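Here is target08.txt, consisting of compact mmCIF, C-alpha atoms and all ligand atoms:
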```txt
# COMPACT_ATOMS: atom_id res chain seq x y z
CA MET Z 1 15.62 34.79 -42.10
CA GLU Z 2 13.75 32.41 -39.77
CA CYS Z 3 10.80 33.75 -37.93
CA LEU Z 4 8.61 32.37 -35.17
CA GLU Z 5 5.24 31.13 -36.34
CA LEU Z 6 2.38 32.10 -34.13
CA PHE Z 7 -0.36 29.54 -33.58
CA ILE Z 8 -3.28 31.03 -35.42
CA PRO Z 9 -5.99 28.51 -36.29
CA ARG Z 10 -6.48 28.58 -40.04
CA SER Z 11 -9.37 26.14 -40.31
CA PRO Z 12 -12.24 24.86 -38.15
CA THR Z 13 -10.47 21.45 -38.04
CA GLN Z 14 -7.74 22.91 -35.86
CA PHE Z 15 -10.36 24.09 -33.38
CA VAL Z 16 -11.83 20.56 -33.35
CA ILE Z 17 -8.42 19.01 -32.56
CA SER Z 18 -7.83 21.55 -29.82
CA THR Z 19 -11.24 20.83 -28.30
CA ASP Z 20 -10.53 17.08 -28.38
CA THR Z 21 -7.29 17.65 -26.50
CA VAL Z 22 -9.04 19.68 -23.83
CA GLN Z 23 -11.77 17.06 -23.53
CA ARG Z 24 -9.20 14.28 -23.20
CA GLU Z 25 -7.31 16.20 -20.50
CA ALA Z 26 -10.55 16.84 -18.65
CA LEU Z 27 -11.53 13.17 -18.90
CA CYS Z 28 -8.11 12.08 -17.56
CA CYS Z 29 -8.47 14.49 -14.61
CA VAL Z 30 -12.00 13.30 -13.79
CA VAL Z 31 -11.00 9.62 -14.01
CA ALA Z 32 -7.90 10.25 -11.89
CA LEU Z 33 -9.83 12.18 -9.22
CA ALA Z 34 -12.60 9.57 -9.05
CA ALA Z 35 -10.23 6.60 -8.99
CA GLY Z 36 -7.75 8.21 -6.55
CA PHE Z 37 -10.35 9.28 -4.02
CA GLY Z 38 -12.11 5.95 -4.64
CA VAL Z 39 -8.99 4.06 -3.50
CA GLY Z 40 -8.76 6.32 -0.42
CA ALA Z 41 -12.43 5.74 0.43
CA ALA Z 42 -12.07 1.99 -0.15
CA ASN Z 43 -9.06 1.91 2.19
CA TYR Z 44 -11.14 3.66 4.86
CA VAL Z 45 -13.96 1.12 4.44
CA PHE Z 46 -11.42 -1.76 4.65
CA GLU Z 47 -10.07 -0.19 7.86
CA ARG Z 48 -13.52 0.11 9.44
CA VAL Z 49 -14.49 -3.45 8.53
CA GLY Z 50 -11.09 -4.79 9.68
CA PHE Z 51 -11.35 -2.91 12.98
CA GLN Z 52 -14.85 -4.19 13.76
CA LEU Z 53 -13.79 -7.72 12.78
CA CYS Z 54 -10.73 -7.59 15.07
CA ARG Z 55 -12.83 -6.30 17.99
CA ALA Z 56 -15.48 -9.00 17.46
CA LEU Z 57 -12.86 -11.78 17.25
CA GLU Z 58 -11.09 -10.39 20.33
CA ALA Z 59 -14.37 -10.52 22.27
CA ARG Z 60 -14.70 -14.21 21.30
CA GLY Z 61 -11.10 -14.98 22.27
CA VAL Z 62 -10.04 -15.84 18.71
CA VAL Z 63 -7.36 -13.11 18.55
CA ARG Z 64 -5.48 -11.17 21.24
CA ARG Z 65 -3.85 -7.75 21.27
CA PHE Z 66 -0.07 -7.75 21.43
CA VAL Z 67 -0.01 -4.88 23.91
CA PRO Z 68 -3.37 -4.35 25.62
CA THR Z 69 -4.07 -0.65 25.89
CA GLY Z 70 -6.89 1.22 27.49
CA GLY Z 71 -6.35 4.19 25.20
CA GLN Z 72 -8.75 5.54 22.65
CA PHE Z 73 -8.71 4.05 19.17
CA GLU Z 74 -8.02 7.01 16.99
CA GLU Z 75 -9.55 7.28 13.56
CA HIS Z 76 -7.77 9.03 10.73
CA PRO Z 77 -10.33 9.35 7.93
CA LEU Z 78 -8.56 12.37 6.41
CA SER Z 79 -5.37 10.31 6.08
CA ASN Z 80 -7.28 7.95 3.83
CA VAL Z 81 -8.69 10.77 1.74
CA TRP Z 82 -5.50 12.81 1.50
CA ALA Z 83 -2.48 10.56 2.17
CA VAL Z 84 -3.86 7.64 0.13
CA GLY Z 85 -6.03 9.55 -2.32
CA ALA Z 86 -3.62 12.29 -3.46
CA PRO Z 87 -0.74 10.09 -4.71
CA TYR Z 88 -3.19 7.71 -6.40
CA ILE Z 89 -4.78 10.67 -8.21
CA ALA Z 90 -1.33 11.50 -9.63
CA LEU Z 91 -0.73 7.86 -10.60
CA TYR Z 92 -4.10 7.39 -12.30
CA TYR Z 93 -3.72 10.67 -14.18
CA LEU Z 94 -0.35 9.54 -15.57
CA ILE Z 95 -1.75 6.12 -16.50
CA ALA Z 96 -4.84 7.60 -18.15
CA ARG Z 97 -2.79 10.24 -19.94
CA PHE Z 98 0.18 8.23 -21.16
CA LEU Z 99 -0.33 4.47 -20.76
CA TRP Z 100 -4.02 3.69 -21.03
CA PRO Z 101 -4.58 3.27 -24.78
CA GLY Z 102 -1.67 0.81 -24.91
CA LEU Z 103 -2.59 -0.92 -21.65
CA SER Z 104 -6.22 -1.44 -22.63
CA GLU Z 105 -5.26 -3.08 -25.94
CA ARG Z 106 -3.24 -5.79 -24.17
CA MET Z 107 -5.57 -6.29 -21.20
CA VAL Z 108 -7.25 -9.66 -20.66
CA VAL Z 109 -9.71 -10.76 -17.97
CA SER Z 110 -8.82 -14.29 -16.85
CA PHE Z 111 -9.91 -16.07 -13.66
CA ASN Z 112 -7.15 -18.68 -13.97
CA LEU Z 113 -6.42 -18.92 -10.23
CA LEU Z 114 -2.91 -20.31 -10.62
CA GLU Z 115 -1.92 -17.52 -13.01
CA VAL Z 116 -3.43 -14.88 -10.70
CA TRP Z 117 -1.73 -16.31 -7.60
CA VAL Z 118 1.69 -16.54 -9.29
CA PHE Z 119 1.34 -12.91 -10.45
CA VAL Z 120 0.34 -11.76 -6.95
CA TRP Z 121 3.23 -13.65 -5.33
CA CYS Z 122 5.83 -12.32 -7.81
CA ALA Z 123 4.48 -8.76 -7.49
CA MET Z 124 4.61 -8.99 -3.69
CA VAL Z 125 8.23 -10.23 -3.82
CA ALA Z 126 9.14 -7.24 -6.03
CA HIS Z 127 7.11 -4.80 -3.90
CA ASP Z 128 8.73 -6.15 -0.73
CA ALA Z 129 12.20 -5.21 -2.01
CA TRP Z 130 10.91 -1.80 -3.17
CA PHE Z 131 9.11 -1.11 0.12
CA TYR Z 132 12.09 -2.22 2.19
CA SER Z 133 14.48 0.03 0.22
CA MET Z 134 12.25 3.11 0.54
CA HIS Z 135 11.36 2.47 4.16
CA ARG Z 136 14.99 1.89 5.13
CA LEU Z 137 15.96 5.14 3.37
CA PHE Z 138 13.33 7.04 5.38
CA HIS Z 139 14.80 5.75 8.63
CA GLN Z 140 18.43 6.31 7.58
CA VAL Z 141 18.12 9.87 6.29
CA LYS Z 142 16.82 11.88 9.24
CA PRO Z 143 15.58 14.96 7.31
CA LEU Z 144 13.67 12.58 5.03
CA PHE Z 145 12.27 10.76 8.06
CA ARG Z 146 10.99 14.02 9.55
CA LEU Z 147 9.58 15.09 6.21
CA VAL Z 148 7.68 11.98 5.10
CA HIS Z 149 7.64 9.19 7.71
CA GLN Z 150 7.63 10.64 11.23
CA ARG Z 151 3.86 11.11 11.29
CA HIS Z 152 3.28 7.37 10.61
CA HIS Z 153 5.17 6.54 13.82
CA GLN Z 154 3.34 9.02 16.04
CA ASN Z 155 0.88 6.40 17.34
CA GLY Z 156 3.73 4.47 18.97
CA SER Z 157 2.60 1.10 20.32
CA ASN Z 158 -1.09 2.09 20.15
CA VAL Z 159 -1.29 0.86 16.58
CA THR Z 160 -4.68 -0.21 15.27
CA VAL Z 161 -6.18 -0.96 11.91
CA LEU Z 162 -7.64 2.55 11.95
CA GLY Z 163 -4.12 3.98 11.64
CA THR Z 164 -3.04 1.90 8.62
CA ALA Z 165 -3.07 4.93 6.36
CA PHE Z 166 -1.99 7.41 9.04
CA GLY Z 167 0.98 9.19 7.50
CA ASP Z 168 2.10 11.63 4.87
CA ALA Z 169 0.99 11.45 1.25
CA ALA Z 170 4.66 11.35 0.19
CA ASP Z 171 5.22 8.31 2.43
CA ILE Z 172 2.42 6.30 0.81
CA GLY Z 173 3.30 7.77 -2.58
CA LEU Z 174 6.89 6.54 -2.46
CA CYS Z 175 6.30 3.19 -0.72
CA PHE Z 176 3.16 2.06 -2.55
CA VAL Z 177 2.01 4.29 -5.40
CA ALA Z 178 5.42 4.66 -7.06
CA PHE Z 179 5.68 0.86 -7.15
CA HIS Z 180 2.31 0.67 -8.86
CA GLY Z 181 3.57 3.21 -11.39
CA ALA Z 182 6.57 0.98 -12.13
CA LEU Z 183 4.25 -2.04 -12.31
CA GLY Z 184 1.97 -0.21 -14.75
CA LEU Z 185 4.98 0.57 -16.93
CA ALA Z 186 6.10 -3.08 -16.82
CA LEU Z 187 2.61 -4.28 -17.79
CA TRP Z 188 2.51 -1.73 -20.61
CA LEU Z 189 5.62 -3.36 -22.06
CA LEU Z 190 4.22 -6.92 -21.82
CA PRO Z 191 2.27 -8.55 -24.70
CA ARG Z 192 -0.68 -9.24 -22.33
CA TRP Z 193 -1.67 -8.58 -18.73
CA ASN Z 194 -4.52 -9.80 -16.57
CA LEU Z 195 -6.83 -7.26 -14.92
CA VAL Z 196 -7.96 -9.88 -12.37
CA GLY Z 197 -4.35 -10.29 -11.21
CA VAL Z 198 -3.86 -6.54 -10.68
CA VAL Z 199 -7.17 -6.09 -8.81
CA THR Z 200 -6.38 -9.14 -6.62
CA LEU Z 201 -2.92 -7.75 -5.90
CA ILE Z 202 -4.34 -4.36 -4.81
CA ALA Z 203 -6.97 -6.00 -2.56
CA PHE Z 204 -4.50 -8.29 -0.79
CA GLU Z 205 -1.86 -5.56 -0.60
CA VAL Z 206 -4.35 -3.43 1.34
CA ALA Z 207 -5.29 -6.46 3.49
CA THR Z 208 -1.62 -7.24 4.21
CA ASN Z 209 -0.94 -3.61 5.14
CA ILE Z 210 -3.97 -3.60 7.45
CA THR Z 211 -2.80 -6.90 8.97
CA GLY Z 212 0.58 -5.35 9.76
CA HIS Z 213 -1.15 -2.55 11.68
CA CYS Z 214 -3.94 -4.53 13.35
CA GLY Z 215 -2.08 -4.93 16.67
CA TYR Z 216 -3.46 -8.46 17.07
CA GLU Z 217 -1.83 -11.88 16.97
CA LEU Z 218 -3.74 -13.74 14.27
CA PRO Z 219 -4.23 -17.50 13.94
CA LEU Z 220 -2.45 -19.06 10.95
CA TRP Z 221 -5.66 -19.66 8.97
CA MET Z 222 -6.61 -16.01 9.23
CA HIS Z 223 -3.12 -14.84 8.33
CA ALA Z 224 -3.18 -17.13 5.26
CA ALA Z 225 -6.61 -15.83 4.24
CA VAL Z 226 -5.81 -12.11 4.43
CA THR Z 227 -2.53 -12.53 2.52
CA ALA Z 228 -3.96 -14.74 -0.27
CA GLY Z 229 -1.75 -17.56 0.98
CA VAL Z 230 1.44 -15.56 0.36
CA GLY Z 231 1.80 -15.41 4.16
CA LEU Z 232 2.46 -19.18 4.13
CA THR Z 233 5.73 -18.63 2.24
CA PRO Z 234 8.71 -19.51 4.47
CA MET Z 235 9.93 -16.43 6.38
CA ALA Z 236 6.86 -14.37 5.42
CA ALA Z 237 6.04 -11.40 7.66
CA THR Z 238 3.18 -11.75 10.15
CA SER Z 239 1.00 -9.21 11.95
CA LYS Z 240 3.67 -9.22 14.67
CA THR Z 241 6.52 -8.32 12.30
CA HIS Z 242 5.38 -4.77 11.46
CA TYR Z 243 3.98 -4.29 14.95
CA ILE Z 244 7.51 -4.77 16.32
CA HIS Z 245 8.66 -2.09 13.84
CA HIS Z 246 6.22 0.34 15.48
CA LEU Z 247 7.55 -0.62 18.91
CA ASP Z 248 11.17 -0.29 17.81
CA PRO Z 249 11.68 1.36 14.37
CA ARG Z 250 15.22 0.00 14.06
CA TYR Z 251 13.79 -3.41 13.14
CA ASN Z 252 11.51 -5.08 10.58
CA LYS Z 253 11.31 -2.56 7.76
CA ALA Z 254 9.95 -4.95 5.11
CA LEU Z 255 6.25 -5.53 4.39
CA TYR Z 256 5.46 -9.03 3.08
CA PHE Z 257 8.56 -11.09 3.93
CA THR Z 258 11.44 -11.00 6.40
CA TRP Z 259 14.20 -11.85 3.91
CA CYS Z 260 15.52 -8.30 3.47
CA ASP Z 261 15.62 -7.66 7.23
CA ARG Z 262 17.30 -11.00 7.90
CA LEU Z 263 20.01 -10.20 5.32
CA ALA Z 264 20.49 -6.72 6.81
CA GLY Z 265 20.49 -8.05 10.39
CA SER Z 266 17.44 -5.95 11.28
CA TYR Z 267 14.93 -8.75 11.83
CA ARG Z 268 13.41 -9.33 15.28
CA ASP Z 269 10.58 -11.70 16.19
CA LYS Z 270 10.30 -10.72 19.85
CA HIS Z 271 9.85 -7.54 21.87
CA ARG Z 272 9.83 -7.08 25.63
CA LEU Z 273 6.50 -5.19 25.56
CA ILE Z 274 4.66 -8.05 23.88
CA ALA Z 275 2.95 -10.48 26.22
CA GLY Z 276 4.67 -13.84 26.04
CA ASP Z 277 7.94 -12.32 24.77
CA ALA Z 278 8.77 -10.53 28.03
CA PRO Z 279 11.08 -12.46 30.37
CA GLU Z 280 9.28 -13.99 33.36
CA LYS Z 281 9.57 -11.88 36.49
CA ALA Z 282 11.33 -13.51 39.45
CA ALA Z 283 8.93 -14.54 42.23
ZN ZN O 301 3.37 1.05 9.90
ZN ZN O 302 8.98 3.05 9.75
```
Using structure tokens, write down the structure from this file.
Amino acid sequence: MECLELFIPRSPTQFVISTDTVQREALCCVVALAAGFGVGAANYVFERVGFQLCRALEARGVVRRFVPTGGQFEEHPLSNVWAVGAPYIALYYLIARFLWPGLSERMVVSFNLLEVWVFVWCAMVAHDAWFYSMHRLFHQVKPLFRLVHQRHHQNGSNVTVLGTAFGDAADIGLCFVAFHGALGLALWLLPRWNLVGVVTLIAFEVATNITGHCGYELPLWMHAAVTAGVGLTPMAATSKTHYIHHLDPRYNKALYFTWCDRLAGSYRDKHRLIAGDAPEKAA
């Protein structure tokens, strides 16, 4: 007759293994918490720097707001801590717990600029399709919209850099963090991967997201700089593209490029509220 065997440590070695497991779990949790909240804090710093830069350039006439508003510029520091931090904590825990030993063995650090740029461009093409699919789903399924995406649209046309991360954790988790999970899995399967490429991707992904929420028309050189040159790709999105989405959520649901929206017939490059796009009033 079979019987259930209770786990009763029979030797000190079993206690040692058990302690190692607890220590490893604790280490994964600490790394995940530090890295997740670190990303949230970094996003907040990027927002503050981007906001001050936009204001300074506006004062010098280098950039102009799409829709001048006299309203207050609202800060959302808790969005950075919670909405950005929480999903990244989950991601980094999973990576530390299940992928890291394998990932670290195949990691290289290479500053080959061409290799890094090609990786960033390819990753942005893949993320664009991912982001568009998720974002479109949010807008199509109304209960889902109310649950995860409505908050991000509450600022209406008063969009500023300070609201880049304004939204629900599930929104950022599904649109950004889940993609990074899939990317981590893909890199885990590759014979080698470059840490410099991944860090560069994250930095310019944040910069591109901030650009989309800055509310300013940027000169081409600046747009090229903040997108690592990916913004020079034909039919790439500009700061105006996502701003139009906040003015009219039916349009422009992609992040880096306009290809998906053009194919779906949801691309617009003009809006009546934007100065210069509005039809001239009759005298
Ligand atoms: Zn947005
Ligand atoms: Zn939206």
Could you give me, as JSON lines, every stretch 196-259 of chain Z residue with an atom at most 12 Å from stretch 95-117 of chain Z, plus its closest atom pair and distance in Å to one decimal, counting only C-alpha atoms, rows ordered by chain then number?
```
{"residue": "Z:Val196", "atom": "CA", "partner": "Z:Val109", "partner_atom": "CA", "distance": 5.9}
{"residue": "Z:Gly197", "atom": "CA", "partner": "Z:Val116", "partner_atom": "CA", "distance": 4.7}
{"residue": "Z:Val198", "atom": "CA", "partner": "Z:Val116", "partner_atom": "CA", "distance": 8.4}
{"residue": "Z:Val199", "atom": "CA", "partner": "Z:Val116", "partner_atom": "CA", "distance": 9.7}
{"residue": "Z:Thr200", "atom": "CA", "partner": "Z:Val116", "partner_atom": "CA", "distance": 7.6}
{"residue": "Z:Leu201", "atom": "CA", "partner": "Z:Val116", "partner_atom": "CA", "distance": 8.6}
{"residue": "Z:Phe204", "atom": "CA", "partner": "Z:Trp117", "partner_atom": "CA", "distance": 10.9}
{"residue": "Z:Thr227", "atom": "CA", "partner": "Z:Trp117", "partner_atom": "CA", "distance": 10.8}
{"residue": "Z:Ala228", "atom": "CA", "partner": "Z:Trp117", "partner_atom": "CA", "distance": 7.8}
{"residue": "Z:Gly229", "atom": "CA", "partner": "Z:Trp117", "partner_atom": "CA", "distance": 8.7}
{"residue": "Z:Val230", "atom": "CA", "partner": "Z:Trp117", "partner_atom": "CA", "distance": 8.6}
```
Report task. Give the answer as one residue: which of Z:Ile89, Z:Ala225, Z:Asp20, Z:Lys240 has the shortest atom-to-atom distance to Z:Ala275, using only C-alpha atoms? Result ->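 Closest residue, counting only C-alpha atoms: Z:Lys240.
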Compile a residue-level contact table for chain Z against ligand ZN 301 (chain O) at a cut-off of 12 Å, reporting for every qualifying residue the shortest atom pair and its distance in Å to one decimal, with all atoms listed in the file counted, rows ordered by chain and ascending number, as CSV.
```
residue,atom,partner,partner_atom,distance
Z:Phe131,CA,O:ZN301,ZN,11.5
Z:His135,CA,O:ZN301,ZN,9.9
Z:His149,CA,O:ZN301,ZN,9.4
Z:Gln150,CA,O:ZN301,ZN,10.6
Z:Arg151,CA,O:ZN301,ZN,10.2
Z:His152,CA,O:ZN301,ZN,6.4
Z:His153,CA,O:ZN301,ZN,7.0
Z:Gln154,CA,O:ZN301,ZN,10.1
Z:Asn155,CA,O:ZN301,ZN,9.5
Z:Gly156,CA,O:ZN301,ZN,9.7
Z:Ser157,CA,O:ZN301,ZN,10.4
Z:Asn158,CA,O:ZN301,ZN,11.2
Z:Val159,CA,O:ZN301,ZN,8.1
Z:Thr160,CA,O:ZN301,ZN,9.8
Z:Val161,CA,O:ZN301,ZN,10.0
Z:Leu162,CA,O:ZN301,ZN,11.3
Z:Gly163,CA,O:ZN301,ZN,8.2
Z:Thr164,CA,O:ZN301,ZN,6.6
Z:Ala165,CA,O:ZN301,ZN,8.3
Z:Phe166,CA,O:ZN301,ZN,8.4
Z:Gly167,CA,O:ZN301,ZN,8.8
Z:Asp168,CA,O:ZN301,ZN,11.8
Z:Asp171,CA,O:ZN301,ZN,10.6
Z:Ile172,CA,O:ZN301,ZN,10.5
Z:Cys175,CA,O:ZN301,ZN,11.2
Z:Thr208,CA,O:ZN301,ZN,11.2
Z:Asn209,CA,O:ZN301,ZN,7.9
Z:Ile210,CA,O:ZN301,ZN,9.0
Z:Thr211,CA,O:ZN301,ZN,10.1
Z:Gly212,CA,O:ZN301,ZN,7.0
Z:His213,CA,O:ZN301,ZN,6.0
Z:Cys214,CA,O:ZN301,ZN,9.8
Z:Gly215,CA,O:ZN301,ZN,10.5
Z:Ser239,CA,O:ZN301,ZN,10.7
Z:Lys240,CA,O:ZN301,ZN,11.3
Z:Thr241,CA,O:ZN301,ZN,10.2
Z:His242,CA,O:ZN301,ZN,6.4
Z:Tyr243,CA,O:ZN301,ZN,7.4
Z:Ile244,CA,O:ZN301,ZN,9.6
Z:His245,CA,O:ZN301,ZN,7.3
Z:His246,CA,O:ZN301,ZN,6.3
Z:Leu247,CA,O:ZN301,ZN,10.1
Z:Asp248,CA,O:ZN301,ZN,11.2
Z:Pro249,CA,O:ZN301,ZN,9.4
Z:Tyr251,CA,O:ZN301,ZN,11.8
Z:Asn252,CA,O:ZN301,ZN,10.2
Z:Lys253,CA,O:ZN301,ZN,9.0
Z:Ala254,CA,O:ZN301,ZN,10.1
Z:Leu255,CA,O:ZN301,ZN,9.1
```
Write out, as a short mmCIF file (atom, residue, chain, number, x, y, z; two decimals), in the coordinates of the input, the residues just selected, with C-alpha atoms.
```cif
data_model
loop_
_atom_site.label_atom_id
_atom_site.label_comp_id
_atom_site.auth_asym_id
_atom_site.auth_seq_id
_atom_site.Cartn_x
_atom_site.Cartn_y
_atom_site.Cartn_z
CA PHE Z 131 9.11 -1.11 0.12
CA HIS Z 135 11.36 2.47 4.16
CA HIS Z 149 7.64 9.19 7.71
CA GLN Z 150 7.63 10.64 11.23
CA ARG Z 151 3.86 11.11 11.29
CA HIS Z 152 3.28 7.37 10.61
CA HIS Z 153 5.17 6.54 13.82
CA GLN Z 154 3.34 9.02 16.04
CA ASN Z 155 0.88 6.40 17.34
CA GLY Z 156 3.73 4.47 18.97
CA SER Z 157 2.60 1.10 20.32
CA ASN Z 158 -1.09 2.09 20.15
CA VAL Z 159 -1.29 0.86 16.58
CA THR Z 160 -4.68 -0.21 15.27
CA VAL Z 161 -6.18 -0.96 11.91
CA LEU Z 162 -7.64 2.55 11.95
CA GLY Z 163 -4.12 3.98 11.64
CA THR Z 164 -3.04 1.90 8.62
CA ALA Z 165 -3.07 4.93 6.36
CA PHE Z 166 -1.99 7.41 9.04
CA GLY Z 167 0.98 9.19 7.50
CA ASP Z 168 2.10 11.63 4.87
CA ASP Z 171 5.22 8.31 2.43
CA ILE Z 172 2.42 6.30 0.81
CA CYS Z 175 6.30 3.19 -0.72
CA THR Z 208 -1.62 -7.24 4.21
CA ASN Z 209 -0.94 -3.61 5.14
CA ILE Z 210 -3.97 -3.60 7.45
CA THR Z 211 -2.80 -6.90 8.97
CA GLY Z 212 0.58 -5.35 9.76
CA HIS Z 213 -1.15 -2.55 11.68
CA CYS Z 214 -3.94 -4.53 13.35
CA GLY Z 215 -2.08 -4.93 16.67
CA SER Z 239 1.00 -9.21 11.95
CA LYS Z 240 3.67 -9.22 14.67
CA THR Z 241 6.52 -8.32 12.30
CA HIS Z 242 5.38 -4.77 11.46
CA TYR Z 243 3.98 -4.29 14.95
CA ILE Z 244 7.51 -4.77 16.32
CA HIS Z 245 8.66 -2.09 13.84
CA HIS Z 246 6.22 0.34 15.48
CA LEU Z 247 7.55 -0.62 18.91
CA ASP Z 248 11.17 -0.29 17.81
CA PRO Z 249 11.68 1.36 14.37
CA TYR Z 251 13.79 -3.41 13.14
CA ASN Z 252 11.51 -5.08 10.58
CA LYS Z 253 11.31 -2.56 7.76
CA ALA Z 254 9.95 -4.95 5.11
CA LEU Z 255 6.25 -5.53 4.39
#
```
Students should find that atom CA of Z:Val148 and atom CA of Z:Ala178 are spaced 14.4 Å
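Proximity of Z:Cys122, Z:Val49, Z:Met134, Z:Leu273 to ligand ZN 302 (chain O), computed with only C-alpha atoms and all ligand atoms, is greatest for Z:Met134.
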- Message: Could you tell me how far atom CA of Z:Phe119 sits from atom CA of Z:Trp193, in Å to one decimal place?
- Response: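 Atom-to-atom, atom CA of Z:Trp193 to atom CA of Z:Phe119, that is 9.8 Å.
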Long-range neighbours of Z:Gly36 as a ChimeraX atom specification, 10 Å cut-off, only C-alpha atoms, 5 positions minimum in chain:
/Z:30-31,41-42,81-82,84-93
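Residue nearest Z:Pro219 within the list Z:Glu205, Z:Pro191, Z:Val120, Z:Cys54: Z:Cys54 [criterion: smallest interatomic distance, all atoms listed in the file].
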query: Z:Cys28, Z:Leu183, Z:Val141, Z:Met124: which is nearest ligand ZN 302 (chain O), counting only C-alpha atoms and all ligand atoms?
result: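 Looking at the shortest contact to ligand ZN 302 (chain O), the residue is Z:Val141.
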Restricting the calculation to only C-alpha atoms and all ligand atoms, which member of Z:Tyr256, Z:Tyr132, Z:Phe51, Z:Trp121 is positioned closest to ligand ZN 302 (chain O)?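 Closest residue, counting only C-alpha atoms and all ligand atoms: Z:Tyr132.
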